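Trainee: First the structure, then my questions, so here it is.
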Amino acid sequence: MYDQITLEEPLFSVKSINFVSVIRNKDYTHSFKNGRYSYGFIYIIKGKMRDDFFGKTIKSVELSEGDLIFIPKGCSYSGHYLEDNTEIKILQFDIITDTLPHFLLSPVKIDLSDSTENFESFFKNISSNIHQPLYCISNIYKLLWVIESKNRDIPKKYRKLKPALKELREHFIHNHPIDYYASMCNMSEVNFRRLFKEYTSKSPIEYRNDLRLEYARAGILSGEYNVSEAAENSGFSNLSYFILLYKRKYGRTPKAE
């Protein structure tokens, strides 16, 4: 067996990181009518504040101790301090990218309750760690991942497919029949096949085979596994069929890699 995954390159990288700590009293207001000049995570150490956004679907967000919000570059809004001695920490940065991911286009109040990372400690201690760039950068990526993971939903019409898609991605080596995946979604097999093809442009079997081929190719390219091992460990019991699908997908046989 092998367990190798080829990672995709990130869509962006972060740069120009800086950190600001602010304490303000009630009724203080700041405004970015022309938009923020950088991306920012704002963490409330204590007190309360409210952010009002201009021309956004989200009009207003109230924040209190322990809350965190992400505000994208260019976002127009005003911040209002609602209690005396409200203390906030702001982690600001810029992004290098040709195409901005959709989840970085809008402000997001981040729920950290289900996160395994101790971001509270990170923000409280960031001033003493700001000269450790890898520490700060790694936490920025972790926070961006929290946002992305909460936005990796599929359109409402296709959400009933989520259990099957999750099962296929995580356990693609299993040869379950199609009605197994359909039952996970509380659908008939006919309706499941139709909706799955509509969403993915592939049949469930084609989708599963593509996942297997990608996994197998990673093993072959690693140089650690021969064609037969890669085929077997990715879920293909028929070597000839594996080679046929591989050539169809990649335009060459596995041995030609």
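Letters A, B, ... mark the chains of the structure tokens in the order given; residue numbers begin at 1 per chain; ligand numbers begin at 1, in order shown.
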So that I can check the secondary structure, give me every residue of range 20-126 of chain A assigned helix (DSSP H, G or I) by backbone DSSP, as a PyMOL selection string.

Mentor: chain A and resi 102-104+119-126

Trainee: Which residues come within 9 Å of Ile178 in chain A, counting only C-alpha atoms, excluding same-chain residues fewer than 4 positions away, as a ChimeraX atom specification?

Mentor: /A:182-183,189,192-193,204-205

Trainee: Write out as number ranges by chain the residues lying within 8 Å of Arg212 in chain A, counting only C-alpha atoms and excluding same-chain residues fewer than 2 positions away.

Mentor: A: 172-173, 208-210, 214-216, 234-236

Trainee: What's the separation between CA of Gly79 in chain A and CA of Asp52 in chain A, in Å to one decimal place?

Mentor: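 Taking CA of Gly79 in chain A as the start and CA of Asp52 in chain A as the end point, the length is 6.4 Å.
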